[in-house]
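Undergrad: Structure file model_18.cif (mmCIF, C-alpha atoms) right here:
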data_query
#
loop_
_atom_site.label_atom_id
_atom_site.label_comp_id
_atom_site.auth_asym_id
_atom_site.auth_seq_id
_atom_site.Cartn_x
_atom_site.Cartn_y
_atom_site.Cartn_z
CA MET A 157 -6.49 -4.92 -14.31
CA LYS A 158 -5.28 -8.45 -13.83
CA PRO A 159 -1.76 -9.09 -12.49
CA VAL A 160 1.01 -10.61 -14.54
CA LEU A 161 4.46 -11.91 -13.71
CA GLU A 162 4.21 -10.99 -10.07
CA ASP A 163 5.08 -12.76 -6.83
CA LEU A 164 1.35 -13.32 -6.31
CA PHE A 165 1.70 -16.84 -7.73
CA MET A 166 3.79 -17.85 -4.75
CA GLY A 167 1.60 -19.33 -2.04
CA PRO A 168 1.73 -18.06 1.54
CA GLY A 169 5.07 -18.72 3.14
CA THR A 170 6.67 -20.25 0.06
CA SER A 171 9.11 -17.37 -0.38
CA PRO A 172 12.75 -18.36 0.17
CA SER A 173 12.98 -15.42 2.60
CA PHE A 174 11.17 -17.53 5.24
CA SER A 175 12.46 -20.46 7.22
CA GLN A 176 10.24 -23.08 8.85
CA GLY A 177 7.84 -21.45 11.31
CA GLN A 178 9.08 -17.93 10.62
CA ARG A 179 6.33 -15.29 10.38
CA PHE A 180 8.28 -12.25 9.25
CA ARG A 181 11.61 -10.66 8.43
CA TRP A 182 12.36 -7.06 9.41
CA GLU A 183 15.55 -5.78 7.84
CA ASP A 184 17.37 -2.75 6.49
CA SER A 185 16.66 -2.32 2.77
CA ASN A 186 20.20 -0.94 2.26
CA ARG A 187 18.95 1.54 -0.32
CA ARG A 188 17.63 5.07 -0.61
CA VAL A 189 13.87 5.02 -1.33
CA ARG A 190 11.69 7.94 -2.43
CA VAL A 191 7.92 8.30 -2.78
CA ILE A 192 6.37 10.92 -5.08
CA PHE A 193 2.80 12.21 -4.93
CA GLY A 194 1.36 15.28 -6.64
CA GLY A 195 4.79 16.29 -7.87
CA VAL A 196 6.14 16.35 -4.29
CA THR A 197 8.58 13.98 -2.62
CA ILE A 198 6.62 13.00 0.45
CA ALA A 199 9.17 10.50 1.79
CA ASP A 200 12.90 10.24 1.13
CA SER A 201 15.09 8.03 3.25
CA LYS A 202 18.40 6.17 3.29
CA HIS A 203 17.24 4.16 6.30
CA VAL A 204 14.13 2.43 4.98
CA MET A 205 13.22 -0.90 6.54
CA LEU A 206 11.71 -3.76 4.54
CA LEU A 207 9.02 -5.93 6.12
CA HIS A 208 8.55 -9.43 4.68
CA GLU A 209 5.37 -10.74 6.28
CA TYR A 210 4.30 -14.37 5.86
CA GLY A 211 1.94 -14.61 2.88
CA HIS A 212 2.30 -10.95 1.83
CA LEU A 213 4.34 -8.90 -0.60
CA PRO A 214 7.26 -6.95 0.94
CA VAL A 215 6.52 -3.43 2.24
CA PHE A 216 8.81 -0.42 2.76
CA TYR A 217 8.65 1.34 6.15
CA PHE A 218 10.10 4.86 6.40
CA PRO A 219 11.45 6.50 9.57
CA LEU A 220 8.95 9.20 10.55
CA GLN A 221 11.65 11.87 10.47
CA ASP A 222 12.08 11.18 6.73
CA VAL A 223 8.38 11.74 5.93
CA ARG A 224 6.91 15.19 5.24
CA GLU A 225 4.50 15.81 8.10
CA ASP A 226 2.97 18.86 6.41
CA VAL A 227 1.19 16.71 3.78
CA LEU A 228 -0.32 14.32 6.35
CA GLU A 229 -3.81 14.59 7.83
CA ALA A 230 -4.67 12.23 10.70
CA THR A 231 -7.87 10.17 10.35
CA ASP A 232 -9.91 8.18 12.85
CA TYR A 233 -9.54 5.02 10.75
CA HIS A 234 -7.77 1.99 12.25
CA THR A 235 -7.10 -1.61 11.33
CA SER A 236 -5.82 -4.51 13.39
CA SER A 237 -3.02 -6.97 12.60
CA PRO A 238 -2.40 -10.11 14.69
CA LEU A 239 1.32 -9.63 14.03
CA LYS A 240 1.76 -5.87 14.43
CA GLY A 241 -1.20 -4.57 16.42
CA GLU A 242 -3.41 -1.56 15.67
CA ALA A 243 -2.56 0.65 12.71
CA SER A 244 -3.47 4.35 12.52
CA TYR A 245 -4.01 5.99 9.12
CA TRP A 246 -3.28 9.34 7.51
CA THR A 247 -4.63 11.01 4.38
CA ILE A 248 -2.09 12.67 2.09
CA ARG A 249 -2.96 16.06 0.62
CA VAL A 250 -0.81 17.98 -1.89
CA ASP A 251 -2.64 21.03 -3.30
CA ASP A 252 -5.75 19.58 -5.00
CA ARG A 253 -4.47 15.98 -4.95
CA VAL A 254 -5.76 13.76 -2.15
CA ALA A 255 -4.94 10.14 -1.29
CA GLU A 256 -7.42 9.00 1.35
CA ARG A 257 -6.00 6.88 4.19
CA ALA A 258 -2.92 6.17 2.08
CA ALA A 259 -0.36 6.06 4.91
CA TRP A 260 -0.27 4.06 8.11
CA SER A 261 1.82 3.64 11.22
CA TYR A 262 1.76 1.49 14.37
CA LEU A 263 1.89 3.76 17.42
CA SER A 264 1.99 0.88 19.92
CA PRO A 265 2.98 -2.29 18.03
CA LEU A 266 2.82 -5.74 19.57
CA PRO A 267 6.08 -6.70 21.31
CA ASP A 268 6.58 -10.01 19.49
CA GLY A 269 6.20 -8.56 15.99
CA PRO A 270 8.50 -6.38 13.87
CA GLN A 271 9.74 -3.20 15.53
CA VAL A 272 7.64 -0.88 13.38
CA LYS A 273 7.16 1.86 15.99
CA GLY A 274 8.45 5.16 14.61
CA TYR A 275 7.96 4.10 10.97
CA MET A 276 5.34 4.83 8.32
CA ALA A 277 4.26 2.91 5.22
CA PHE A 278 2.27 3.93 2.13
CA TYR A 279 -0.14 2.19 -0.21
CA TRP A 280 1.95 1.70 -3.34
CA ASP A 281 -0.79 2.15 -5.93
CA GLN A 282 -2.05 5.39 -4.38
CA MET A 283 1.30 7.09 -4.93
CA ASP A 284 2.45 8.50 -8.27
CA ALA A 285 5.97 7.04 -8.35
CA TRP A 286 8.51 5.11 -6.28
CA TYR A 287 12.29 5.10 -6.67
CA GLU A 288 15.01 2.83 -5.33
CA GLU A 289 18.10 5.01 -5.58
CA ASP A 290 17.54 6.64 -9.03
CA GLU A 291 15.61 3.80 -10.67
CA GLN A 292 11.82 3.88 -10.79
CA VAL A 293 10.20 0.74 -9.38
CA PHE A 294 6.74 -0.51 -10.28
CA ALA A 295 3.95 -2.51 -8.59
CA HIS A 296 5.51 -3.18 -5.16
CA ALA A 297 8.79 -3.29 -3.25
CA ARG A 298 11.27 -5.79 -4.61
CA ASP A 299 12.04 -8.92 -2.65
CA PRO A 300 15.84 -9.25 -2.32
CA TYR A 301 15.40 -13.01 -1.94
CA LYS A 302 13.68 -13.35 -5.30
CA ARG A 303 15.77 -14.18 -8.37
CA VAL A 304 15.17 -13.53 -12.06
CA ASP A 305 17.52 -15.26 -14.52
CA ILE A 306 17.41 -14.63 -18.28
CA LEU A 307 19.28 -17.27 -20.24
CA PRO A 308 20.00 -17.28 -23.98
CA SER A 309 19.21 -20.68 -25.43
CA SER A 310 19.37 -22.70 -28.65
CA ARG A 311 16.45 -24.92 -27.64
CA HIS A 312 13.67 -25.35 -30.19
CA VAL A 313 10.50 -23.68 -28.86
CA ARG A 314 7.22 -23.95 -30.75
CA VAL A 315 3.96 -22.32 -29.64
CA VAL A 316 0.59 -23.59 -30.92
CA LEU A 317 -2.54 -21.47 -30.64
CA GLY A 318 -5.92 -22.14 -32.22
CA GLY A 319 -4.43 -25.17 -33.94
CA VAL A 320 -1.81 -23.00 -35.68
CA THR A 321 1.92 -22.71 -34.97
CA ILE A 322 2.12 -19.05 -34.07
CA ALA A 323 5.77 -18.99 -32.97
CA ASP A 324 8.73 -21.20 -33.85
CA THR A 325 12.27 -20.38 -32.76
CA GLN A 326 15.66 -21.86 -31.95
CA ARG A 327 16.92 -18.69 -30.29
CA PRO A 328 14.61 -18.08 -27.32
CA ARG A 329 15.54 -16.43 -24.06
CA LEU A 330 14.35 -18.34 -21.02
CA LEU A 331 13.20 -16.21 -18.11
CA ILE A 332 13.30 -18.19 -14.88
CA GLU A 333 11.75 -16.33 -11.95
CA THR A 334 11.40 -17.59 -8.39
CA GLY A 335 7.97 -19.11 -7.85
CA LEU A 336 6.76 -18.70 -11.44
CA PRO A 337 6.72 -20.96 -14.50
CA THR A 338 9.53 -20.58 -17.03
CA ARG A 339 8.62 -17.99 -19.66
CA TYR A 340 9.89 -18.28 -23.21
CA TYR A 341 10.75 -14.94 -24.86
CA ILE A 342 10.81 -15.14 -28.64
CA PRO A 343 12.16 -12.72 -31.29
CA GLU A 344 9.47 -10.98 -33.33
CA GLN A 345 10.95 -12.44 -36.53
CA ASP A 346 10.05 -15.93 -35.27
CA VAL A 347 6.43 -15.05 -34.49
CA ASN A 348 3.56 -14.88 -36.98
CA MET A 349 2.91 -11.18 -36.34
CA GLU A 350 0.06 -11.10 -38.88
CA LEU A 351 -2.07 -12.92 -36.31
CA LEU A 352 -1.37 -10.41 -33.53
CA GLU A 353 -2.93 -7.04 -32.79
CA PRO A 354 -1.82 -4.60 -30.05
CA THR A 355 -4.21 -3.78 -27.21
CA GLU A 356 -4.27 -0.96 -24.65
CA PHE A 357 -3.71 -3.34 -21.75
CA ILE A 358 -0.52 -2.87 -19.70
CA THR A 359 0.88 -4.31 -16.49
CA ARG A 360 3.88 -3.42 -14.36
CA CYS A 361 6.44 -5.65 -12.69
CA PRO A 362 8.97 -4.45 -10.08
CA TYR A 363 11.68 -6.63 -11.62
CA LYS A 364 11.06 -6.16 -15.34
CA GLY A 365 9.17 -2.89 -15.82
CA GLN A 366 6.08 -2.10 -17.90
CA ALA A 367 4.62 -4.71 -20.26
CA SER A 368 2.34 -4.05 -23.22
CA TYR A 369 0.02 -6.71 -24.63
CA LEU A 370 -1.21 -8.14 -27.90
CA SER A 371 -4.21 -10.30 -28.70
CA ALA A 372 -4.13 -13.09 -31.27
CA ARG A 373 -6.81 -13.62 -33.91
CA VAL A 374 -6.74 -17.13 -35.37
CA GLY A 375 -9.59 -17.72 -37.80
CA ALA A 376 -12.78 -16.58 -36.08
CA ARG A 377 -11.29 -16.85 -32.56
CA LEU A 378 -9.81 -13.97 -30.57
CA PHE A 379 -7.32 -14.80 -27.83
CA LYS A 380 -7.31 -11.60 -25.79
CA ASP A 381 -4.07 -10.28 -24.27
CA ILE A 382 -2.34 -13.63 -24.66
CA VAL A 383 1.14 -12.30 -25.44
CA TRP A 384 3.21 -9.51 -23.89
CA ARG A 385 6.52 -7.73 -24.33
CA TYR A 386 8.71 -5.26 -22.50
CA ARG A 387 9.83 -2.65 -25.01
CA GLU A 388 12.01 -0.87 -22.44
CA PRO A 389 12.55 -3.26 -19.54
CA LEU A 390 14.45 -2.30 -16.42
CA PRO A 391 18.24 -2.57 -16.92
CA ALA A 392 18.58 -5.90 -15.10
CA CYS A 393 16.17 -7.49 -17.59
CA SER A 394 17.39 -5.74 -20.75
CA PRO A 395 17.97 -9.07 -22.62
CA ILE A 396 14.18 -9.47 -23.11
CA ALA A 397 13.68 -6.03 -24.67
CA GLY A 398 11.20 -6.29 -27.55
CA LEU A 399 10.85 -10.08 -27.32
CA LEU A 400 7.42 -11.71 -27.15
CA SER A 401 6.17 -14.18 -24.54
CA PHE A 402 2.96 -16.21 -24.58
CA PHE A 403 0.96 -17.35 -21.59
CA ASN A 404 1.97 -21.00 -21.12
CA GLU A 405 -1.34 -21.43 -19.32
CA ARG A 406 -3.57 -20.29 -22.19
CA VAL A 407 -2.05 -21.43 -25.49
CA ASP A 408 -2.90 -24.83 -26.96
CA ALA A 409 0.61 -26.12 -26.45
CA ILE A 410 4.27 -25.21 -26.05
CA TYR A 411 6.83 -27.72 -27.32
CA VAL A 412 10.46 -27.49 -26.23
CA ASP A 413 12.83 -29.68 -28.27
CA GLY A 414 9.74 -31.61 -29.38
CA GLU A 415 8.55 -32.29 -25.85
CA LEU A 416 5.08 -31.04 -24.88
CA MET A 417 5.35 -28.83 -21.79
CA SER A 418 2.74 -29.29 -19.08
CA LYS A 419 0.45 -26.33 -18.50
CA PRO A 420 1.09 -24.55 -15.20
CA VAL A 421 -1.84 -23.58 -13.00
CA THR A 422 -1.51 -19.92 -12.02
CA PRO A 423 -3.78 -16.89 -11.42
CA TRP A 424 -3.58 -16.30 -15.19
CA SER A 425 -4.97 -19.68 -16.23
CA GLU A 426 -8.30 -19.44 -18.05
#
Show me, as structure tokens, the structure contained in the file I just sent.
TA:
Amino acid sequence: MKPVLEDLFMGPGTSPSFSQGQRFRWEDSNRRVRVIFGGVTIADSKHVMLLHEYGHLPVFYFPLQDVREDVLEATDYHTSSPLKGEASYWTIRVDDRVAERAAWSYLSPLPDGPQVKGYMAFYWDQMDAWYEEDEQVFAHARDPYKRVDILPSSRHVRVVLGGVTIADTQRPRLLIETGLPTRYYIPEQDVNMELLEPTEFITRCPYKGQASYLSARVGARLFKDIVWRYREPLPACSPIAGLLSFFNERVDAIYVDGELMSKPVTPWSE
């Protein structure tokens, strides 16, 4: 499954959470975080730390006393980090559900790195669900230094695909997200829906929620998964609920107030 609308577009060290020469940030997340696997809460803490490591997505680290030891099975697997030292791994077992080497901890971390001794982290995609306070979070831990603005606009946005104007609106919502190109969200009434067909493809974003996709068929050409929408976005992004957005990178053209927008180069370019 390809990523969409994630921090992955941001190059190493380009996050605003890093100053010149800084390799990491180790800070209190200031929120209760829970991890669910096999119907069991395997970690639940109000003292979770957040590690921002240069060139990586942020990771939650839980105090060991807030992790259920009875579901952990030690392994002989280890990895090495130049920043943190040697990591030891545990398998998680809940009844007949098993997540191999899904948790790790640094028993003797390097002195110049983050103070991760006494903490444990989990592979996000091997767990069933994550919650910050009582809100489910998808894909990875949120970066508190990342910003997502959704602005109502009266700008004229026109999307051309396969030589056909497939969307034309003067009431878009502009989603401006740190490190990503501006996305134009368009009401369904201003999109030629006869050219679109739903697909089974979905992606998840920690800031917006779960997105479903549509392909466009223009003449004999099929443009697969070229448009997405969040039917039930997370509360902070509720203004884009049900609106459609096209990949700037993959349509023929997007015009804003008659001006042709340049195509961004991202992991989702063809």
Undergrad: At a cut-off of 8 Å, using only C-alpha atoms, what residues contact A:His203? Leave out same-chain residues fewer than 6 positions from it and give the result as an mmCIF file with C-alpha atoms, in the coordinates of the input.
TA:
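Saved as result_15.cif:
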data_model
loop_
_atom_site.group_PDB
_atom_site.id
_atom_site.type_symbol
_atom_site.label_atom_id
_atom_site.label_comp_id
_atom_site.auth_asym_id
_atom_site.auth_seq_id
_atom_site.Cartn_x
_atom_site.Cartn_y
_atom_site.Cartn_z
ATOM 1 C CA ASP A 184 17.370 -2.750 6.490
ATOM 2 C CA SER A 185 16.660 -2.320 2.770
ATOM 3 C CA ASN A 186 20.200 -0.940 2.260
ATOM 4 C CA ARG A 187 18.950 1.540 -0.320
ATOM 5 C CA ARG A 188 17.630 5.070 -0.610
ATOM 6 C CA PHE A 218 10.100 4.860 6.400
ATOM 7 C CA PRO A 219 11.450 6.500 9.570
#
Undergrad: Could you tell me, as a list of chain:residue names, exactly which residues end up selected when the PyMOL selection byres ((chain A and resi 392) around 9) is applied to this structure?
TA: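 Written out, the selection comes to A:Val304, A:Tyr363, A:Lys364, A:Pro389, A:Leu390, A:Pro391, A:Cys393, A:Ser394, A:Pro395.
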Undergrad: Please evaluate the PyMOL selection byres ((chain A and resi 422) around 9) against the displayed coordinates and give the resulting residues as a ChimeraX atom specification.
TA: /A:165,336-337,405,420-421,423-425
Undergrad: When you draw a straight line from atom CA of A:Val272 to atom CA of A:Glu289, how long is it in Å?
TA: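 Separation of atom CA of A:Val272 and atom CA of A:Glu289: 22.4 Å.
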Undergrad: What separation in Å, quoted to one decimal, exists between atom CA of A:His312 and atom CA of A:Asp413?
TA: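 Separation of atom CA of A:His312 and atom CA of A:Asp413: 4.8 Å.
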Undergrad: Check what the PyMOL selection byres ((chain A and resi 228) around 9) selects in the file above and give those residues as a list in words.
TA: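 This file gives the following for the PyMOL selection byres ((chain A and resi 228) around 9): Arg224, Glu225, Asp226, Val227, Glu229, Ala230, Trp246, Thr247, Ile248, Arg249 and Ala259 of chain A.
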Undergrad: Suppose we keep C-alpha atoms; can you now write the selection as a tab-separated table (two decimals), in the frame of the given file?
TA:
chain	number	residue	atom	x	y	z
A	224	ARG	CA	6.91	15.19	5.24
A	225	GLU	CA	4.50	15.81	8.10
A	226	ASP	CA	2.97	18.86	6.41
A	227	VAL	CA	1.19	16.71	3.78
A	229	GLU	CA	-3.81	14.59	7.83
A	230	ALA	CA	-4.67	12.23	10.70
A	246	TRP	CA	-3.28	9.34	7.51
A	247	THR	CA	-4.63	11.01	4.38
A	248	ILE	CA	-2.09	12.67	2.09
A	249	ARG	CA	-2.96	16.06	0.62
A	259	ALA	CA	-0.36	6.06	4.91
Undergrad: When you draw a straight line from atom CA of A:Phe379 to atom CA of A:Val313, how long is it in Å?
TA: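 About the pair atom CA of A:Phe379 and atom CA of A:Val313: they are 19.9 Å apart.
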Undergrad: My list of candidates is A:Arg257, A:Arg181, A:Arg190, A:Arg329. Which is closest to A:Asp305 when distances are computed with only C-alpha atoms?
TA: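 Closest to A:Asp305 of all the choices is A:Arg329.
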Undergrad: Please list, as a PDB file with C-alpha atoms, in the coordinates of the input, the residues that have an atom at most 12 Å away from (13.2, 7.3, -12.8) in the coordinates of this file, counting only C-alpha atoms.
TA:
ATOM      1  CA  VAL A 189      13.870   5.020  -1.330  1.00  0.00           C
ATOM      2  CA  ARG A 190      11.690   7.940  -2.430  1.00  0.00           C
ATOM      3  CA  VAL A 191       7.920   8.300  -2.780  1.00  0.00           C
ATOM      4  CA  ILE A 192       6.370  10.920  -5.080  1.00  0.00           C
ATOM      5  CA  ASP A 284       2.450   8.500  -8.270  1.00  0.00           C
ATOM      6  CA  ALA A 285       5.970   7.040  -8.350  1.00  0.00           C
ATOM      7  CA  TRP A 286       8.510   5.110  -6.280  1.00  0.00           C
ATOM      8  CA  TYR A 287      12.290   5.100  -6.670  1.00  0.00           C
ATOM      9  CA  GLU A 288      15.010   2.830  -5.330  1.00  0.00           C
ATOM     10  CA  GLU A 289      18.100   5.010  -5.580  1.00  0.00           C
ATOM     11  CA  ASP A 290      17.540   6.640  -9.030  1.00  0.00           C
ATOM     12  CA  GLU A 291      15.610   3.800 -10.670  1.00  0.00           C
ATOM     13  CA  GLN A 292      11.820   3.880 -10.790  1.00  0.00           C
ATOM     14  CA  VAL A 293      10.200   0.740  -9.380  1.00  0.00           C
ATOM     15  CA  PHE A 294       6.740  -0.510 -10.280  1.00  0.00           C
ATOM     16  CA  GLY A 365       9.170  -2.890 -15.820  1.00  0.00           C
ATOM     17  CA  LEU A 390      14.450  -2.300 -16.420  1.00  0.00           C
ATOM     18  CA  PRO A 391      18.240  -2.570 -16.920  1.00  0.00           C
TER      19      PRO A 391
END
Undergrad: Let me make sure I understand: among A:Gly318, A:Pro300, A:Pro362, A:Gly211, which one has the smallest atom-to-atom distance to A:Ile382 if we use only C-alpha atoms?
TA: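 Nearest candidate to A:Ile382 out of A:Gly318, A:Pro300, A:Pro362, A:Gly211: A:Gly318.
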Undergrad: Of the residues A:Pro343, A:Pro265, A:Gly195, A:Gly414, which is the one nearest to A:Met283, using only C-alpha atoms?
TA: A:Gly195
Undergrad: Measuring atom to atom with all atoms listed in the file, identify which of A:Asp268, A:Glu415, A:Glu350, A:Glu344 is nearest to A:Leu399.
TA: A:Glu344
Undergrad: Determine, counting all atoms listed in the file, which protein, DNA and RNA residues have an atom within 9 Å of an atom of A:Glu242; residues of the same chain fewer than 3 positions away are not included. Present the result as an MDAnalysis selection string.
TA: chainID A and resid 234:238 261:266
Undergrad: For a quick check of understanding, using all atoms listed in the file, which of A:Arg385, A:Arg377, A:Arg406, A:Arg327 has the smallest distance to A:Leu307?
TA: A:Arg327
Undergrad: Identify which of the residues A:Ile396, A:Arg303, A:Ile358, A:Arg373 lies closest to A:Ile342, counting only C-alpha atoms when measuring atom-to-atom distances.
TA: A:Ile396
Undergrad: Can you pull out every residue within 9 Å of A:Ala295, counting all atoms listed in the file, but drop anything in the same chain fewer than 3 positions away, and send it as a PDB file with C-alpha atoms, in the frame of the given file?
TA:
ATOM      1  CA  GLU A 162       4.210 -10.990 -10.070  1.00  0.00           C
ATOM      2  CA  TRP A 280       1.950   1.700  -3.340  1.00  0.00           C
ATOM      3  CA  ASP A 281      -0.790   2.150  -5.930  1.00  0.00           C
ATOM      4  CA  ARG A 298      11.270  -5.790  -4.610  1.00  0.00           C
ATOM      5  CA  THR A 359       0.880  -4.310 -16.490  1.00  0.00           C
ATOM      6  CA  ARG A 360       3.880  -3.420 -14.360  1.00  0.00           C
ATOM      7  CA  CYS A 361       6.440  -5.650 -12.690  1.00  0.00           C
ATOM      8  CA  PRO A 362       8.970  -4.450 -10.080  1.00  0.00           C
ATOM      9  CA  GLY A 365       9.170  -2.890 -15.820  1.00  0.00           C
TER      10      GLY A 365
END
Undergrad: Excluding stretch 212-215 of chain A and its own-chain neighbours fewer than 6 positions away, which residues fall within 7 Å of it when counting only C-alpha atoms? Please give them as a PyMOL selection string.
TA: chain A and resi 206+297-299
Undergrad: Could you pull stretch 327-347 of chain A out of the block above and give me N, CA and C atoms, as a JSON list (two decimals), in the first residue's frame?
TA:
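Result written to part_37.json:
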[["chain", "number", "residue", "atom", "x", "y", "z"],
["A", 327, "ARG", "N", -15.31, 27.39, -4.69],
["A", 327, "ARG", "CA", -15.51, 27.24, -3.25],
["A", 327, "ARG", "C", -14.65, 26.09, -2.71],
["A", 328, "PRO", "N", -13.36, 26.07, -3.06],
["A", 328, "PRO", "CA", -12.50, 25.00, -2.55],
["A", 328, "PRO", "C", -12.14, 25.23, -1.09],
["A", 329, "ARG", "N", -11.62, 24.21, -0.47],
["A", 329, "ARG", "CA", -10.93, 24.35, 0.81],
["A", 329, "ARG", "C", -9.47, 23.98, 0.57],
["A", 330, "LEU", "N", -8.59, 24.87, 0.99],
["A", 330, "LEU", "CA", -7.16, 24.65, 0.79],
["A", 330, "LEU", "C", -6.58, 24.01, 2.04],
["A", 331, "LEU", "N", -5.97, 22.85, 1.88],
["A", 331, "LEU", "CA", -5.32, 22.18, 3.00],
["A", 331, "LEU", "C", -3.82, 22.39, 2.86],
["A", 332, "ILE", "N", -3.26, 23.11, 3.82],
["A", 332, "ILE", "CA", -1.84, 23.46, 3.80],
["A", 332, "ILE", "C", -1.18, 22.73, 4.97],
["A", 333, "GLU", "N", -0.32, 21.78, 4.64],
["A", 333, "GLU", "CA", 0.29, 20.90, 5.64],
["A", 333, "GLU", "C", 1.80, 21.02, 5.56],
["A", 334, "THR", "N", 2.44, 21.14, 6.71],
["A", 334, "THR", "CA", 3.88, 21.32, 6.77],
["A", 334, "THR", "C", 4.60, 20.28, 5.93],
["A", 335, "GLY", "N", 5.43, 20.76, 4.99],
["A", 335, "GLY", "CA", 6.27, 19.88, 4.20],
["A", 335, "GLY", "C", 5.61, 19.23, 3.01],
["A", 336, "LEU", "N", 4.34, 19.54, 2.75],
["A", 336, "LEU", "CA", 3.61, 18.92, 1.65],
["A", 336, "LEU", "C", 3.04, 19.99, 0.73],
["A", 337, "PRO", "N", 2.76, 19.65, -0.53],
["A", 337, "PRO", "CA", 2.14, 20.63, -1.42],
["A", 337, "PRO", "C", 0.72, 20.96, -0.97],
["A", 338, "THR", "N", 0.25, 22.14, -1.30],
["A", 338, "THR", "CA", -1.13, 22.52, -1.01],
["A", 338, "THR", "C", -2.08, 21.56, -1.73],
["A", 339, "ARG", "N", -3.08, 21.07, -1.01],
["A", 339, "ARG", "CA", -4.09, 20.21, -1.60],
["A", 339, "ARG", "C", -5.40, 20.98, -1.70],
["A", 340, "TYR", "N", -6.08, 20.81, -2.81],
["A", 340, "TYR", "CA", -7.33, 21.52, -3.07],
["A", 340, "TYR", "C", -8.48, 20.53, -2.89],
["A", 341, "TYR", "N", -9.32, 20.78, -1.90],
["A", 341, "TYR", "CA", -10.48, 19.91, -1.62],
["A", 341, "TYR", "C", -11.72, 20.56, -2.22],
["A", 342, "ILE", "N", -12.44, 19.76, -3.02],
["A", 342, "ILE", "CA", -13.49, 20.29, -3.89],
["A", 342, "ILE", "C", -14.82, 19.60, -3.58],
["A", 343, "PRO", "N", -15.92, 20.37, -3.48],
["A", 343, "PRO", "CA", -17.23, 19.74, -3.25],
["A", 343, "PRO", "C", -17.60, 18.79, -4.39],
["A", 344, "GLU", "N", -18.28, 17.72, -4.04],
["A", 344, "GLU", "CA", -18.68, 16.70, -5.02],
["A", 344, "GLU", "C", -19.50, 17.31, -6.15],
["A", 345, "GLN", "N", -20.32, 18.33, -5.82],
["A", 345, "GLN", "CA", -21.18, 18.96, -6.83],
["A", 345, "GLN", "C", -20.38, 19.66, -7.92],
["A", 346, "ASP", "N", -19.10, 19.95, -7.64],
["A", 346, "ASP", "CA", -18.26, 20.65, -8.61],
["A", 346, "ASP", "C", -17.27, 19.72, -9.30],
["A", 347, "VAL", "N", -17.53, 18.42, -9.17],
["A", 347, "VAL", "CA", -16.68, 17.40, -9.79],
["A", 347, "VAL", "C", -17.54, 16.57, -10.73]]
